[in-house]
file work.cif (mmCIF, C-alpha atoms and all ligand atoms; chains and numbers go by the auth columns)
data_coords
#
loop_
_atom_site.group_PDB
_atom_site.id
_atom_site.type_symbol
_atom_site.label_atom_id
_atom_site.label_comp_id
_atom_site.label_asym_id
_atom_site.label_seq_id
_atom_site.Cartn_x
_atom_site.Cartn_y
_atom_site.Cartn_z
_atom_site.B_iso_or_equiv
_atom_site.auth_seq_id
_atom_site.auth_asym_id
ATOM 1 C CA MET A 1 -54.976 157.470 -45.461 0.00 1 A
ATOM 2 C CA LEU A 2 -52.217 159.167 -47.450 0.00 2 A
ATOM 3 C CA THR A 3 -50.149 157.916 -50.365 0.00 3 A
ATOM 4 C CA ALA A 4 -46.396 157.289 -50.313 0.00 4 A
ATOM 5 C CA TYR A 5 -44.135 156.114 -53.092 0.00 5 A
ATOM 6 C CA ASP A 6 -40.662 156.307 -51.529 0.00 6 A
ATOM 7 C CA TYR A 7 -38.644 155.589 -48.391 0.00 7 A
ATOM 8 C CA PRO A 8 -38.239 159.125 -46.980 0.00 8 A
ATOM 9 C CA THR A 9 -41.951 159.901 -47.331 0.00 9 A
ATOM 10 C CA ALA A 10 -42.837 156.588 -45.684 0.00 10 A
ATOM 11 C CA LEU A 11 -40.461 157.294 -42.783 0.00 11 A
ATOM 12 C CA ALA A 12 -42.168 160.655 -42.206 0.00 12 A
ATOM 13 C CA LEU A 13 -45.754 159.443 -42.687 0.00 13 A
ATOM 14 C CA ASP A 14 -45.155 156.634 -40.209 0.00 14 A
ATOM 15 C CA GLU A 15 -44.972 159.370 -37.544 0.00 15 A
ATOM 16 C CA CYS A 16 -48.400 160.850 -38.380 0.00 16 A
ATOM 17 C CA GLY A 17 -50.878 158.487 -36.752 0.00 17 A
ATOM 18 C CA LEU A 18 -52.392 157.444 -40.083 0.00 18 A
ATOM 19 C CA ASP A 19 -54.505 154.278 -40.261 0.00 19 A
ATOM 20 C CA LEU A 20 -53.157 153.374 -43.680 0.00 20 A
ATOM 21 C CA VAL A 21 -50.508 154.338 -46.219 0.00 21 A
ATOM 22 C CA LEU A 22 -51.349 153.638 -49.862 0.00 22 A
ATOM 23 C CA VAL A 23 -48.753 152.984 -52.537 0.00 23 A
ATOM 24 C CA GLY A 24 -51.172 154.127 -55.217 0.00 24 A
ATOM 25 C CA ASP A 25 -50.715 153.841 -58.944 0.00 25 A
ATOM 26 C CA SER A 26 -51.159 157.625 -58.874 0.00 26 A
ATOM 27 C CA MET A 27 -47.363 157.282 -58.665 0.00 27 A
ATOM 28 C CA GLY A 28 -47.445 157.153 -62.478 0.00 28 A
ATOM 29 C CA GLU A 29 -48.665 160.739 -62.576 0.00 29 A
ATOM 30 C CA VAL A 30 -47.245 162.406 -59.461 0.00 30 A
ATOM 31 C CA GLU A 31 -43.985 160.524 -58.947 0.00 31 A
ATOM 32 C CA LEU A 32 -42.958 159.285 -62.400 0.00 32 A
ATOM 33 C CA GLY A 33 -44.305 162.128 -64.557 0.00 33 A
ATOM 34 C CA MET A 34 -46.547 159.961 -66.734 0.00 34 A
ATOM 35 C CA ASP A 35 -49.826 161.321 -68.096 0.00 35 A
ATOM 36 C CA SER A 36 -51.976 158.661 -66.395 0.00 36 A
ATOM 37 C CA THR A 37 -51.836 155.670 -64.044 0.00 37 A
ATOM 38 C CA LYS A 38 -52.144 153.263 -66.966 0.00 38 A
ATOM 39 C CA GLY A 39 -48.383 152.854 -67.561 0.00 39 A
ATOM 40 C CA VAL A 40 -47.592 151.676 -64.035 0.00 40 A
ATOM 41 C CA THR A 41 -46.591 148.008 -64.122 0.00 41 A
ATOM 42 C CA LEU A 42 -46.745 145.456 -61.329 0.00 42 A
ATOM 43 C CA ALA A 43 -42.917 145.369 -61.243 0.00 43 A
ATOM 44 C CA MET A 44 -42.827 149.158 -60.715 0.00 44 A
ATOM 45 C CA MET A 45 -45.448 148.835 -57.995 0.00 45 A
ATOM 46 C CA ALA A 46 -43.511 146.058 -56.207 0.00 46 A
ATOM 47 C CA HIS A 47 -40.316 148.161 -56.394 0.00 47 A
ATOM 48 C CA HIS A 48 -42.013 151.166 -54.720 0.00 48 A
ATOM 49 C CA VAL A 49 -43.901 148.990 -52.214 0.00 49 A
ATOM 50 C CA ALA A 50 -40.575 147.550 -51.026 0.00 50 A
ATOM 51 C CA ALA A 51 -39.135 151.061 -50.568 0.00 51 A
ATOM 52 C CA VAL A 52 -42.198 152.269 -48.639 0.00 52 A
ATOM 53 C CA ASP A 53 -42.231 149.111 -46.537 0.00 53 A
ATOM 54 C CA ARG A 54 -38.628 149.806 -45.487 0.00 54 A
ATOM 55 C CA GLY A 55 -39.772 153.208 -44.193 0.00 55 A
ATOM 56 C CA LEU A 56 -42.935 152.134 -42.373 0.00 56 A
ATOM 57 C CA GLY A 57 -42.588 150.671 -38.912 0.00 57 A
ATOM 58 C CA LYS A 58 -46.152 150.598 -37.673 0.00 58 A
ATOM 59 C CA THR A 59 -48.569 151.804 -40.360 0.00 59 A
ATOM 60 C CA HIS A 60 -50.562 149.366 -42.543 0.00 60 A
ATOM 61 C CA LEU A 61 -49.343 149.402 -46.158 0.00 61 A
ATOM 62 C CA VAL A 62 -51.924 148.913 -48.920 0.00 62 A
ATOM 63 C CA ALA A 63 -50.720 148.570 -52.521 0.00 63 A
ATOM 64 C CA ASP A 64 -52.635 149.201 -55.731 0.00 64 A
ATOM 65 C CA MET A 65 -53.107 146.321 -58.135 0.00 65 A
ATOM 66 C CA THR A 66 -51.959 147.873 -61.434 0.00 66 A
ATOM 67 C CA LEU A 67 -53.865 147.965 -64.724 0.00 67 A
ATOM 68 C CA GLY A 68 -54.200 144.408 -66.082 0.00 68 A
ATOM 69 C CA SER A 69 -52.609 142.779 -63.032 0.00 69 A
ATOM 70 C CA ASP A 70 -56.095 141.686 -61.880 0.00 70 A
ATOM 71 C CA ALA A 71 -57.472 140.844 -65.322 0.00 71 A
ATOM 72 C CA THR A 72 -58.150 137.196 -64.476 0.00 72 A
ATOM 73 C CA ILE A 73 -58.691 135.404 -61.190 0.00 73 A
ATOM 74 C CA GLN A 74 -55.438 133.494 -61.479 0.00 74 A
ATOM 75 C CA THR A 75 -53.229 136.485 -62.361 0.00 75 A
ATOM 76 C CA ALA A 76 -54.927 138.563 -59.676 0.00 76 A
ATOM 77 C CA VAL A 77 -54.049 136.036 -56.969 0.00 77 A
ATOM 78 C CA VAL A 78 -50.448 135.604 -58.180 0.00 78 A
ATOM 79 C CA ASN A 79 -49.918 139.373 -58.429 0.00 79 A
ATOM 80 C CA ALA A 80 -51.555 140.131 -55.077 0.00 80 A
ATOM 81 C CA LYS A 81 -49.167 137.621 -53.486 0.00 81 A
ATOM 82 C CA THR A 82 -46.239 139.300 -55.276 0.00 82 A
ATOM 83 C CA LEU A 83 -47.202 142.657 -53.737 0.00 83 A
ATOM 84 C CA ARG A 84 -47.638 140.993 -50.369 0.00 84 A
ATOM 85 C CA GLU A 85 -44.135 139.510 -50.656 0.00 85 A
ATOM 86 C CA ALA A 86 -42.800 142.970 -51.579 0.00 86 A
ATOM 87 C CA GLY A 87 -44.152 144.312 -48.275 0.00 87 A
ATOM 88 C CA ALA A 88 -47.840 145.153 -48.710 0.00 88 A
ATOM 89 C CA ASP A 89 -50.255 144.244 -45.916 0.00 89 A
ATOM 90 C CA SER A 90 -53.216 144.402 -48.312 0.00 90 A
ATOM 91 C CA VAL A 91 -54.067 145.304 -51.924 0.00 91 A
ATOM 92 C CA LYS A 92 -56.569 147.660 -53.551 0.00 92 A
ATOM 93 C CA LEU A 93 -58.484 146.762 -56.733 0.00 93 A
ATOM 94 C CA GLU A 94 -60.359 149.231 -58.932 0.00 94 A
ATOM 95 C CA GLY A 95 -63.981 148.335 -59.695 0.00 95 A
ATOM 96 C CA ALA A 96 -66.351 145.534 -58.794 0.00 96 A
ATOM 97 C CA LYS A 97 -64.174 142.584 -59.867 0.00 97 A
ATOM 98 C CA ILE A 98 -65.928 140.313 -57.417 0.00 98 A
ATOM 99 C CA PRO A 99 -64.422 136.910 -58.421 0.00 99 A
ATOM 100 C CA GLN A 100 -60.899 138.377 -58.207 0.00 100 A
ATOM 101 C CA VAL A 101 -61.642 140.012 -54.840 0.00 101 A
ATOM 102 C CA GLU A 102 -63.022 136.771 -53.402 0.00 102 A
ATOM 103 C CA ALA A 103 -60.074 134.709 -54.708 0.00 103 A
ATOM 104 C CA ILE A 104 -57.433 137.122 -53.356 0.00 104 A
ATOM 105 C CA ILE A 105 -59.098 137.178 -49.935 0.00 105 A
ATOM 106 C CA ALA A 106 -59.355 133.362 -49.984 0.00 106 A
ATOM 107 C CA ALA A 107 -55.604 133.283 -50.711 0.00 107 A
ATOM 108 C CA GLY A 108 -54.999 135.244 -47.500 0.00 108 A
ATOM 109 C CA VAL A 109 -54.487 138.798 -48.780 0.00 109 A
ATOM 110 C CA PRO A 110 -56.947 141.440 -47.476 0.00 110 A
ATOM 111 C CA VAL A 111 -58.562 143.587 -50.190 0.00 111 A
ATOM 112 C CA MET A 112 -59.619 147.253 -50.278 0.00 112 A
ATOM 113 C CA GLY A 113 -62.314 148.119 -52.847 0.00 113 A
ATOM 114 C CA HIS A 114 -62.452 151.245 -55.031 0.00 114 A
ATOM 115 C CA VAL A 115 -65.612 152.686 -56.656 0.00 115 A
ATOM 116 C CA GLY A 116 -66.559 155.860 -58.532 0.00 116 A
ATOM 117 C CA LEU A 117 -63.821 157.313 -60.702 0.00 117 A
ATOM 118 C CA LEU A 118 -61.538 154.451 -61.736 0.00 118 A
ATOM 119 C CA PRO A 119 -58.403 156.084 -63.188 0.00 119 A
ATOM 120 C CA GLN A 120 -57.092 152.857 -64.772 0.00 120 A
ATOM 121 C CA THR A 121 -59.984 152.758 -67.232 0.00 121 A
ATOM 122 C CA ALA A 122 -61.279 156.359 -67.229 0.00 122 A
ATOM 123 C CA GLU A 123 -61.000 158.380 -70.436 0.00 123 A
ATOM 124 C CA VAL A 124 -61.477 161.639 -68.495 0.00 124 A
ATOM 125 C CA TYR A 125 -61.408 162.432 -64.795 0.00 125 A
ATOM 126 C CA ARG A 126 -64.939 163.598 -63.901 0.00 126 A
ATOM 127 C CA LYS A 127 -67.398 163.524 -61.014 0.00 127 A
ATOM 128 C CA HIS A 128 -69.377 160.272 -60.903 0.00 128 A
ATOM 129 C CA GLY A 129 -72.927 159.582 -59.729 0.00 129 A
ATOM 130 C CA LYS A 130 -74.643 162.602 -61.252 0.00 130 A
ATOM 131 C CA THR A 131 -77.350 160.510 -62.951 0.00 131 A
ATOM 132 C CA ALA A 132 -79.674 158.207 -60.983 0.00 132 A
ATOM 133 C CA GLU A 133 -78.507 155.231 -63.049 0.00 133 A
ATOM 134 C CA GLU A 134 -74.813 155.872 -62.397 0.00 134 A
ATOM 135 C CA ALA A 135 -75.466 156.593 -58.704 0.00 135 A
ATOM 136 C CA ASP A 136 -77.368 153.307 -58.285 0.00 136 A
ATOM 137 C CA GLN A 137 -74.564 151.392 -60.034 0.00 137 A
ATOM 138 C CA ILE A 138 -71.942 152.868 -57.688 0.00 138 A
ATOM 139 C CA VAL A 139 -74.010 151.821 -54.653 0.00 139 A
ATOM 140 C CA ARG A 140 -74.550 148.321 -56.127 0.00 140 A
ATOM 141 C CA ASP A 141 -70.806 147.912 -56.829 0.00 141 A
ATOM 142 C CA ALA A 142 -69.891 149.005 -53.303 0.00 142 A
ATOM 143 C CA VAL A 143 -72.409 146.622 -51.734 0.00 143 A
ATOM 144 C CA ALA A 144 -71.053 143.751 -53.870 0.00 144 A
ATOM 145 C CA LEU A 145 -67.478 144.563 -52.794 0.00 145 A
ATOM 146 C CA ASP A 146 -68.614 144.761 -49.172 0.00 146 A
ATOM 147 C CA GLU A 147 -70.353 141.386 -49.424 0.00 147 A
ATOM 148 C CA ALA A 148 -67.267 139.911 -51.121 0.00 148 A
ATOM 149 C CA GLY A 149 -65.279 140.761 -47.982 0.00 149 A
ATOM 150 C CA CYS A 150 -63.412 144.024 -48.697 0.00 150 A
ATOM 151 C CA TYR A 151 -62.152 145.436 -45.397 0.00 151 A
ATOM 152 C CA CYS A 152 -62.502 149.015 -46.632 0.00 152 A
ATOM 153 C CA ILE A 153 -63.806 150.835 -49.743 0.00 153 A
ATOM 154 C CA VAL A 154 -62.369 153.952 -51.445 0.00 154 A
ATOM 155 C CA ILE A 155 -64.959 156.266 -53.029 0.00 155 A
ATOM 156 C CA GLU A 156 -63.274 158.530 -55.602 0.00 156 A
ATOM 157 C CA ALA A 157 -64.761 161.641 -57.273 0.00 157 A
ATOM 158 C CA VAL A 158 -68.373 160.838 -56.451 0.00 158 A
ATOM 159 C CA VAL A 159 -71.242 163.249 -55.741 0.00 159 A
ATOM 160 C CA ALA A 160 -71.328 163.760 -51.949 0.00 160 A
ATOM 161 C CA ASP A 161 -74.914 162.471 -51.524 0.00 161 A
ATOM 162 C CA VAL A 162 -74.043 159.276 -53.377 0.00 162 A
ATOM 163 C CA ALA A 163 -70.912 158.772 -51.253 0.00 163 A
ATOM 164 C CA THR A 164 -73.164 159.138 -48.192 0.00 164 A
ATOM 165 C CA ARG A 165 -75.546 156.494 -49.629 0.00 165 A
ATOM 166 C CA VAL A 166 -72.599 154.131 -50.137 0.00 166 A
ATOM 167 C CA THR A 167 -71.327 154.729 -46.608 0.00 167 A
ATOM 168 C CA GLU A 168 -74.762 153.934 -45.194 0.00 168 A
ATOM 169 C CA ALA A 169 -75.207 150.846 -47.409 0.00 169 A
ATOM 170 C CA VAL A 170 -71.969 149.023 -46.578 0.00 170 A
ATOM 171 C CA SER A 171 -70.551 147.635 -43.351 0.00 171 A
ATOM 172 C CA ALA A 172 -66.901 148.222 -44.333 0.00 172 A
ATOM 173 C CA PRO A 173 -65.493 151.689 -43.576 0.00 173 A
ATOM 174 C CA THR A 174 -65.440 154.041 -46.582 0.00 174 A
ATOM 175 C CA ILE A 175 -62.571 156.371 -47.470 0.00 175 A
ATOM 176 C CA GLY A 176 -63.397 159.326 -49.707 0.00 176 A
ATOM 177 C CA ILE A 177 -61.420 161.494 -52.087 0.00 177 A
ATOM 178 C CA ALA A 178 -63.325 164.344 -53.734 0.00 178 A
ATOM 179 C CA ALA A 179 -66.485 162.645 -52.455 0.00 179 A
ATOM 180 C CA GLY A 180 -67.688 164.968 -49.692 0.00 180 A
ATOM 181 C CA ALA A 181 -67.247 164.863 -45.938 0.00 181 A
ATOM 182 C CA GLN A 182 -69.621 162.054 -44.979 0.00 182 A
ATOM 183 C CA THR A 183 -67.338 159.090 -45.628 0.00 183 A
ATOM 184 C CA ASP A 184 -65.741 157.274 -42.676 0.00 184 A
ATOM 185 C CA GLY A 185 -62.251 158.430 -43.648 0.00 185 A
ATOM 186 C CA GLN A 186 -60.437 160.529 -46.232 0.00 186 A
ATOM 187 C CA VAL A 187 -57.475 159.912 -48.535 0.00 187 A
ATOM 188 C CA LEU A 188 -55.187 162.354 -50.324 0.00 188 A
ATOM 189 C CA VAL A 189 -52.185 162.034 -52.581 0.00 189 A
ATOM 190 C CA SER A 190 -49.285 163.128 -50.371 0.00 190 A
ATOM 191 C CA THR A 191 -47.498 165.120 -53.091 0.00 191 A
ATOM 192 C CA ASP A 192 -50.696 167.227 -53.398 0.00 192 A
ATOM 193 C CA LEU A 193 -50.972 167.617 -49.627 0.00 193 A
ATOM 194 C CA VAL A 194 -47.427 168.954 -49.241 0.00 194 A
ATOM 195 C CA GLY A 195 -47.441 171.095 -52.395 0.00 195 A
ATOM 196 C CA GLN A 196 -44.731 169.224 -54.249 0.00 196 A
ATOM 197 C CA LEU A 197 -46.109 169.749 -57.764 0.00 197 A
ATOM 198 C CA PRO A 198 -46.955 173.052 -59.517 0.00 198 A
ATOM 199 C CA GLU A 199 -50.716 172.476 -59.819 0.00 199 A
ATOM 200 C CA PRO A 200 -52.554 170.481 -57.129 0.00 200 A
ATOM 201 C CA PRO A 201 -56.137 169.423 -57.949 0.00 201 A
ATOM 202 C CA PRO A 202 -58.802 171.978 -56.937 0.00 202 A
ATOM 203 C CA PHE A 203 -60.217 169.867 -54.075 0.00 203 A
ATOM 204 C CA VAL A 204 -56.872 169.860 -52.208 0.00 204 A
ATOM 205 C CA THR A 205 -55.617 172.629 -49.928 0.00 205 A
ATOM 206 C CA PRO A 206 -51.857 172.064 -49.736 0.00 206 A
ATOM 207 C CA ARG A 207 -50.527 172.209 -46.159 0.00 207 A
ATOM 208 C CA ALA A 208 -46.984 173.128 -47.256 0.00 208 A
ATOM 209 C CA ASN A 209 -45.022 174.275 -50.285 0.00 209 A
ATOM 210 C CA VAL A 210 -42.361 171.609 -50.639 0.00 210 A
ATOM 211 C CA ARG A 211 -41.761 172.555 -54.280 0.00 211 A
ATOM 212 C CA GLN A 212 -40.739 176.066 -53.166 0.00 212 A
ATOM 213 C CA ILE A 213 -38.525 174.668 -50.397 0.00 213 A
ATOM 214 C CA VAL A 214 -36.695 172.526 -52.976 0.00 214 A
ATOM 215 C CA ILE A 215 -36.345 175.489 -55.365 0.00 215 A
ATOM 216 C CA ASP A 216 -35.067 177.777 -52.578 0.00 216 A
ATOM 217 C CA SER A 217 -32.644 175.123 -51.315 0.00 217 A
ATOM 218 C CA GLY A 218 -31.363 174.423 -54.834 0.00 218 A
ATOM 219 C CA LYS A 219 -30.879 178.132 -55.546 0.00 219 A
ATOM 220 C CA ALA A 220 -29.106 178.689 -52.220 0.00 220 A
ATOM 221 C CA PHE A 221 -26.764 175.799 -53.028 0.00 221 A
ATOM 222 C CA VAL A 222 -26.034 177.138 -56.535 0.00 222 A
ATOM 223 C CA ALA A 223 -25.403 180.661 -55.169 0.00 223 A
ATOM 224 C CA GLU A 224 -23.107 179.353 -52.442 0.00 224 A
ATOM 225 C CA VAL A 225 -21.059 177.168 -54.791 0.00 225 A
ATOM 226 C CA ARG A 226 -20.865 179.822 -57.536 0.00 226 A
ATOM 227 C CA GLY A 227 -19.976 182.434 -54.910 0.00 227 A
ATOM 228 C CA SER A 228 -17.029 180.389 -53.744 0.00 228 A
ATOM 229 C CA GLU A 229 -15.585 179.860 -57.269 0.00 229 A
HETATM 230 O O1 LIG B . -53.663 155.708 -56.780 0.00 1 B
HETATM 231 C C1 LIG B . -54.101 156.391 -55.847 0.00 1 B
HETATM 232 O O2 LIG B . -53.428 157.254 -55.268 0.00 1 B
HETATM 233 C C2 LIG B . -55.483 156.155 -55.431 0.00 1 B
HETATM 234 C C3 LIG B . -56.099 157.137 -54.490 0.00 1 B
HETATM 235 C C4 LIG B . -56.458 158.387 -55.203 0.00 1 B
HETATM 236 C C5 LIG B . -57.261 156.544 -53.766 0.00 1 B
HETATM 237 O O3 LIG B . -56.081 155.205 -55.852 0.00 1 B
#
call {"tool": "encode", "arguments": {"input": "work.cif", "output": "structure tokens"}}
result
Amino acid sequence: MLTAYDYPTALALDECGLDLVLVGDSMGEVELGMDSTKGVTLAMMAHHVAAVDRGLGKTHLVADMTLGSDATIQTAVVNAKTLREAGADSVKLEGAKIPQVEAIIAAGVPVMGHVGLLPQTAEVYRKHGKTAEEADQIVRDAVALDEAGCYCIVIEAVVADVATRVTEAVSAPTIGIAAGAQTDGQVLVSTDLVGQLPEPPPFVTPRANVRQIVIDSGKAFVAEVRGSE
């Protein structure tokens, strides 16, 4: 799974053989220049989901429920349906909000779970599952999400051994990010993967340097236009 936030990226990622494309609320940080995911609203999410949906022909589109949009069962169902109407095939919720997950699935929208680091509520981004208590809680949350019917579970920034425990404990496929190699799948933020921002996180090896391509193209344009003055 990779993230996309716009039409051209979606058009390109649709050619890659991915199982899933995620319109993540990481867009707040990597696409909109905010300092966290907390400022992303459901309206922003729906706007970007619609753009990505226009670019995807065959790949499943999963959209993040934004901070507060799943606060109650009723708002969660209404907002999940809004994202579905915008073009999402499924939604992703952070944390073990079991009543919301069950209600959204009952309303006909498939749900992806998300355990470990939960950026919407985290004060700092850190590795999770280092203590036995925290590790056990992550496994319990994942099992509860699995039993509630999640079709897939993201494990973010979790000690590799704990991510392996989760993968063995649940029947749904797991997708890891900074959680070791033993999950069923992996997810990355596409802007990190293609080197679009100055400082990718340490666990990502960028496959390209799109930032440099944009700089070089911009400079070549400026030189050409100035040269012809
Ligand atoms: O918002 C996002 O991009 C995510 C991934 C890091 C899983 O939730």
call {"tool": "resolve_selection", "arguments": {"input": "work.cif", "expression": "the PyMOL selection byres (((chain A and resi 103) around 12) and not hetatm)", "output": "list in words"}}
result
Asp70, Thr72, Ile73, Gln74, Thr75, Ala76, Val77, Val78, Asn79, Ala80, Lys81, Lys97, Ile98, Pro99, Gln100, Val101, Glu102, Ile104, Ile105, Ala106, Ala107, Gly108, Val109, Pro110, Val111, Ala148, Gly149 and Cys150 of chain A
call {"tool": "atom_distance", "arguments": {"input": "work.cif", "atom1": "atom CA of Ala179 of chain A", "atom2": "atom CA of Glu15 of chain A"}}
result
26.4 Å
call {"tool": "closest_residue", "arguments": {"input": "work.cif", "among": "A:Glu123, A:Glu85, A:Glu133, A:Glu31", "to": "ligand LIG 1 (chain B)", "atoms": "all atoms listed in the file"}}
result
A:Glu31
call {"tool": "atom_distance", "arguments": {"input": "work.cif", "atom1": "atom CA of Met45 of chain A", "atom2": "atom CA of Ile213 of chain A"}}
result
27.8 Å
call {"tool": "residues_around", "arguments": {"input": "work.cif", "residues": "segment 7-14 of chain A", "least_positions_apart": "2", "cutoff": "12 Å", "atoms": "all atoms listed in the file", "output": "JSON, numbers by chain"}}
result
{"A": [1, 2, 3, 4, 5, 16, 17, 18, 19, 20, 21, 22, 23, 31, 47, 48, 49, 50, 51, 52, 53, 54, 55, 56, 57, 58, 59, 60, 61, 189, 190, 191, 193, 194, 196]}
call {"tool": "write_last_selection", "arguments": {"input": "work.cif", "atoms": "C-alpha atoms", "output": "short mmCIF file (atom, residue, chain, number, x, y, z; two decimals), in the coordinates of the input"}}
result
data_model
loop_
_atom_site.label_atom_id
_atom_site.label_comp_id
_atom_site.auth_asym_id
_atom_site.auth_seq_id
_atom_site.Cartn_x
_atom_site.Cartn_y
_atom_site.Cartn_z
CA MET A 1 -54.98 157.47 -45.46
CA LEU A 2 -52.22 159.17 -47.45
CA THR A 3 -50.15 157.92 -50.36
CA ALA A 4 -46.40 157.29 -50.31
CA TYR A 5 -44.14 156.11 -53.09
CA CYS A 16 -48.40 160.85 -38.38
CA GLY A 17 -50.88 158.49 -36.75
CA LEU A 18 -52.39 157.44 -40.08
CA ASP A 19 -54.50 154.28 -40.26
CA LEU A 20 -53.16 153.37 -43.68
CA VAL A 21 -50.51 154.34 -46.22
CA LEU A 22 -51.35 153.64 -49.86
CA VAL A 23 -48.75 152.98 -52.54
CA GLU A 31 -43.98 160.52 -58.95
CA HIS A 47 -40.32 148.16 -56.39
CA HIS A 48 -42.01 151.17 -54.72
CA VAL A 49 -43.90 148.99 -52.21
CA ALA A 50 -40.58 147.55 -51.03
CA ALA A 51 -39.14 151.06 -50.57
CA VAL A 52 -42.20 152.27 -48.64
CA ASP A 53 -42.23 149.11 -46.54
CA ARG A 54 -38.63 149.81 -45.49
CA GLY A 55 -39.77 153.21 -44.19
CA LEU A 56 -42.94 152.13 -42.37
CA GLY A 57 -42.59 150.67 -38.91
CA LYS A 58 -46.15 150.60 -37.67
CA THR A 59 -48.57 151.80 -40.36
CA HIS A 60 -50.56 149.37 -42.54
CA LEU A 61 -49.34 149.40 -46.16
CA VAL A 189 -52.18 162.03 -52.58
CA SER A 190 -49.28 163.13 -50.37
CA THR A 191 -47.50 165.12 -53.09
CA LEU A 193 -50.97 167.62 -49.63
CA VAL A 194 -47.43 168.95 -49.24
CA GLN A 196 -44.73 169.22 -54.25
#
call {"tool": "closest_residue", "arguments": {"input": "work.cif", "among": "A:Asp25, A:Glu94, A:Glu199, A:Asp216", "to": "Leu145 of chain A", "atoms": "only C-alpha atoms"}}
result
A:Glu94
call {"tool": "atom_distance", "arguments": {"input": "work.cif", "atom1": "atom CA of Ala71 of chain A", "atom2": "atom CA of Thr121 of chain A"}}
result
12.3 Å
call {"tool": "closest_residue", "arguments": {"input": "work.cif", "among": "A:Glu156, A:Asp146, A:Asp192, A:Asp64", "to": "Ala172 of chain A", "atoms": "only C-alpha atoms"}}
result
A:Asp146
call {"tool": "residues_around", "arguments": {"input": "work.cif", "residues": "Gly39 of chain A", "least_positions_apart": "5", "cutoff": "12 Å", "atoms": "only C-alpha atoms", "output": "VMD selection string"}}
result
chain A and resid 25 to 29 32 to 34 44 to 45 66 to 69 119 to 121
